[in-house]
Amino acid sequence: MERRKDTAGACAKLPRDYLALIEEVFNKNFREHLLGKTGKRERFILFAEIYADELVMSVSLKNPETLRMTTCYASVEYPPTQTKSETGKASTTAEAVEIAVNQCVDAVASFFATYFDENRPVDYDLEYRQNWTAVDIDKATRVYMKINRDNPELDAEADAILATAKPSSKDKKKLH
């Protein structure tokens, strides 16, 4: 998945069952817009990764008839600035992740609401942001967004195949 920041460090993927719950919310809330021209139902798929300084989420509208997707990336600072729980105490890691995820979900849902209201415009060079663009949600919340035709599902599959296909030392041919 594309990151906004280029700081070094490994990521942790958010659990698939957690992302499935968010997918369900998107698919339910935009249900009326997901019936394709040929009668096949589109659906949303999500991927999210968390780094030491950033949470990145991609939400893609998947059409079962093509590999191209409409993908909206959202990135927020991690941990988010709003990390106080209702009791006023510092929030837990789980609460910080939830706050960051909710910020991304709100921004992406807003994009897709506009996308559907405008009848799915396809002129991405003029209409949408193909580079990371800051969007201020409120005084304390800034989400960076990027919209393109990436297929993160295909990218994840390719990465998994490449990870298992790394040659071992005995597979390498000697040049002498």
# chains A, B, ... in the order shown; residues from 1 in each chain; ligands from 1
call {"tool": "residues_around", "arguments": {"residues": "Ala12 in chain A", "least_positions_apart": "5", "cutoff": "8 Å", "atoms": "only C-alpha atoms", "output": "PDB file with N, CA and C atoms, in the first residue's frame"}}
result
ATOM      1  N   GLU A  49      -2.928  -0.221   7.213  1.00  0.00           N
ATOM      2  CA  GLU A  49      -1.646  -0.517   7.849  1.00  0.00           C
ATOM      3  C   GLU A  49      -1.334   0.596   8.834  1.00  0.00           C
ATOM      4  N   ILE A  50      -0.674   0.208   9.914  1.00  0.00           N
ATOM      5  CA  ILE A  50      -0.290   1.186  10.912  1.00  0.00           C
ATOM      6  C   ILE A  50       1.221   1.133  11.090  1.00  0.00           C
ATOM      7  N   TYR A  51       1.795   2.309  11.131  1.00  0.00           N
ATOM      8  CA  TYR A  51       3.237   2.477  11.315  1.00  0.00           C
ATOM      9  C   TYR A  51       3.453   3.258  12.607  1.00  0.00           C
TER      10      TYR A  51
END
call {"tool": "closest_residue", "arguments": {"among": "A:Val101, A:Ala74, A:Ala140, A:Val122", "to": "Arg4 in chain A", "atoms": "only C-alpha atoms"}}
result
A:Ala74
call {"tool": "atom_distance", "arguments": {"atom1": "CA of Arg16 in chain A", "atom2": "CA of Glu153 in chain A"}}
result
12.7 Å
call {"tool": "closest_residue", "arguments": {"among": "A:Val25, A:Glu32, A:Pro79, A:Ala20", "to": "Asp117 in chain A", "atoms": "only C-alpha atoms"}}
result
A:Glu32
call {"tool": "closest_residue", "arguments": {"among": "A:Thr93, A:Thr70, A:Ser75, A:Asn29", "to": "Lys5 in chain A", "atoms": "only C-alpha atoms"}}
result
A:Ser75
call {"tool": "select_by_dssp", "arguments": {"residues": "chain A", "states": "alpha helix (DSSP H)", "output": "ChimeraX atom specification"}}
result
/A:16-29,93-117,124-127,152-164
call {"tool": "write_last_selection", "arguments": {"atoms": "C-alpha atoms", "output": "CSV table (one decimal), in the first residue's frame"}}
result
chain,number,residue,atom,x,y,z
A,16,ARG,CA,-9.1,-8.6,8.5
A,17,ASP,CA,-12.2,-9.2,10.7
A,18,TYR,CA,-12.0,-5.5,11.9
A,19,LEU,CA,-11.7,-4.3,8.3
A,20,ALA,CA,-14.6,-6.6,7.3
A,21,LEU,CA,-16.9,-4.7,9.8
A,22,ILE,CA,-15.9,-1.4,8.2
A,23,GLU,CA,-16.5,-2.9,4.7
A,24,GLU,CA,-19.9,-3.9,5.8
A,25,VAL,CA,-20.7,-0.4,6.9
A,26,PHE,CA,-19.6,1.0,3.6
A,27,ASN,CA,-21.5,-1.6,1.6
A,28,LYS,CA,-24.7,-1.0,3.7
A,29,ASN,CA,-24.6,2.8,3.6
A,93,THR,CA,-3.3,1.9,22.0
A,94,ALA,CA,-6.6,0.3,20.9
A,95,GLU,CA,-8.4,3.6,21.4
A,96,ALA,CA,-5.8,5.5,19.5
A,97,VAL,CA,-6.1,3.1,16.6
A,98,GLU,CA,-9.9,3.4,16.7
A,99,ILE,CA,-9.7,7.2,16.6
A,100,ALA,CA,-7.3,7.2,13.7
A,101,VAL,CA,-9.4,4.6,11.8
A,102,ASN,CA,-12.6,6.7,12.4
A,103,GLN,CA,-10.9,9.8,11.0
A,104,CYS,CA,-9.9,8.0,7.8
A,105,VAL,CA,-13.4,6.3,7.5
A,106,ASP,CA,-15.2,9.7,7.9
A,107,ALA,CA,-13.0,11.3,5.2
A,108,VAL,CA,-13.3,8.4,2.7
A,109,ALA,CA,-17.1,8.1,3.3
A,110,SER,CA,-17.3,11.9,2.5
A,111,PHE,CA,-15.4,11.3,-0.7
A,112,PHE,CA,-17.6,8.4,-1.9
A,113,ALA,CA,-20.8,10.3,-1.0
A,114,THR,CA,-19.6,13.1,-3.3
A,115,TYR,CA,-18.4,10.6,-5.9
A,116,PHE,CA,-21.9,9.0,-6.1
A,117,ASP,CA,-23.7,12.4,-5.9
A,124,TYR,CA,-9.4,12.0,-12.3
A,125,ASP,CA,-6.8,14.4,-13.6
A,126,LEU,CA,-9.1,17.3,-13.1
A,127,GLU,CA,-11.7,16.1,-10.6
A,152,PRO,CA,-4.8,-2.8,-3.7
A,153,GLU,CA,-6.3,-6.3,-3.7
A,154,LEU,CA,-4.3,-7.3,-6.7
A,155,ASP,CA,-1.2,-5.6,-5.2
A,156,ALA,CA,-1.6,-7.6,-2.0
A,157,GLU,CA,-1.9,-10.9,-3.9
A,158,ALA,CA,1.2,-10.1,-5.9
A,159,ASP,CA,3.2,-9.1,-2.8
A,160,ALA,CA,2.2,-12.5,-1.2
A,161,ILE,CA,3.3,-14.4,-4.2
A,162,LEU,CA,6.6,-12.6,-4.4
A,163,ALA,CA,7.2,-13.1,-0.7
A,164,THR,CA,6.8,-16.9,-1.1
call {"tool": "closest_residue", "arguments": {"among": "A:Ala8, A:Leu46, A:Ile147, A:Met57", "to": "Thr71 in chain A", "atoms": "only C-alpha atoms"}}
result
A:Ile147
call {"tool": "closest_residue", "arguments": {"among": "A:Glu65, A:Glu42, A:Glu54, A:Glu118", "to": "Val143 in chain A", "atoms": "only C-alpha atoms"}}
result
A:Glu54
call {"tool": "select_by_dssp", "arguments": {"residues": "range 14-113 of chain A", "states": "strand (DSSP E)", "output": "list in words"}}
result
Arg43, Phe44, Ile45, Leu46, Phe47, Ala48, Glu49, Ile50, Glu54, Leu55, Val56, Met57, Ser58, Val59, Ser60, Leu61, Lys62, Met69, Thr70, Thr71, Cys72, Tyr73, Ala74, Ser75, Val76 and Glu77 of chain A
call {"tool": "write_last_selection", "arguments": {"atoms": "N, CA and C atoms", "output": "short mmCIF file (atom, residue, chain, number, x, y, z; two decimals), in the first residue's frame"}}
result
data_model
loop_
_atom_site.label_atom_id
_atom_site.label_comp_id
_atom_site.auth_asym_id
_atom_site.auth_seq_id
_atom_site.Cartn_x
_atom_site.Cartn_y
_atom_site.Cartn_z
N ARG A 43 -18.77 -3.82 -4.68
CA ARG A 43 -18.60 -3.84 -3.23
C ARG A 43 -17.33 -3.10 -2.87
N PHE A 44 -17.27 -2.70 -1.61
CA PHE A 44 -16.09 -2.01 -1.10
C PHE A 44 -15.16 -3.02 -0.46
N ILE A 45 -13.86 -2.80 -0.64
CA ILE A 45 -12.84 -3.58 0.07
C ILE A 45 -11.87 -2.60 0.74
N LEU A 46 -11.37 -3.00 1.89
CA LEU A 46 -10.49 -2.13 2.67
C LEU A 46 -9.19 -2.82 3.00
N PHE A 47 -8.15 -2.01 3.08
CA PHE A 47 -6.86 -2.43 3.59
C PHE A 47 -6.38 -1.31 4.50
N ALA A 48 -5.67 -1.65 5.55
CA ALA A 48 -5.14 -0.61 6.44
C ALA A 48 -3.87 -1.13 7.09
N GLU A 49 -2.93 -0.22 7.21
CA GLU A 49 -1.65 -0.52 7.85
C GLU A 49 -1.33 0.60 8.83
N ILE A 50 -0.67 0.21 9.91
CA ILE A 50 -0.29 1.19 10.91
C ILE A 50 1.22 1.13 11.09
N GLU A 54 2.14 6.83 11.42
CA GLU A 54 1.09 7.03 10.42
C GLU A 54 0.16 5.83 10.36
N LEU A 55 -1.12 6.10 10.13
CA LEU A 55 -2.08 5.05 9.80
C LEU A 55 -2.54 5.32 8.37
N VAL A 56 -2.47 4.32 7.51
CA VAL A 56 -2.88 4.45 6.11
C VAL A 56 -3.99 3.46 5.84
N MET A 57 -5.04 3.95 5.18
CA MET A 57 -6.17 3.10 4.83
C MET A 57 -6.49 3.30 3.36
N SER A 58 -6.85 2.21 2.69
CA SER A 58 -7.35 2.34 1.33
C SER A 58 -8.73 1.71 1.29
N VAL A 59 -9.65 2.42 0.66
CA VAL A 59 -11.01 1.92 0.48
C VAL A 59 -11.25 1.93 -1.03
N SER A 60 -11.53 0.75 -1.57
CA SER A 60 -11.68 0.62 -3.02
C SER A 60 -13.08 0.15 -3.36
N LEU A 61 -13.62 0.72 -4.42
CA LEU A 61 -14.89 0.28 -4.97
C LEU A 61 -14.56 -0.75 -6.05
N LYS A 62 -14.93 -2.00 -5.76
CA LYS A 62 -14.57 -3.11 -6.65
C LYS A 62 -15.75 -3.48 -7.54
N MET A 69 -10.21 -0.34 -10.12
CA MET A 69 -11.03 0.05 -8.99
C MET A 69 -10.94 1.56 -8.82
N THR A 70 -11.89 2.11 -8.12
CA THR A 70 -11.80 3.48 -7.66
C THR A 70 -11.32 3.39 -6.22
N THR A 71 -10.11 3.87 -5.97
CA THR A 71 -9.48 3.71 -4.66
C THR A 71 -9.23 5.07 -4.03
N CYS A 72 -9.66 5.18 -2.79
CA CYS A 72 -9.42 6.39 -2.01
C CYS A 72 -8.52 6.01 -0.84
N TYR A 73 -7.35 6.62 -0.80
CA TYR A 73 -6.41 6.42 0.30
C TYR A 73 -6.62 7.54 1.32
N ALA A 74 -6.47 7.20 2.58
CA ALA A 74 -6.50 8.20 3.64
C ALA A 74 -5.33 7.91 4.58
N SER A 75 -4.69 8.96 5.03
CA SER A 75 -3.54 8.83 5.92
C SER A 75 -3.69 9.87 7.03
N VAL A 76 -3.43 9.44 8.26
CA VAL A 76 -3.45 10.35 9.39
C VAL A 76 -2.19 10.13 10.24
N GLU A 77 -1.86 11.16 11.00
CA GLU A 77 -0.74 11.04 11.94
C GLU A 77 -1.11 10.00 12.99
#
call {"tool": "atom_distance", "arguments": {"atom1": "CA of Met145 in chain A", "atom2": "CA of Asn119 in chain A"}}
result
20.3 Å
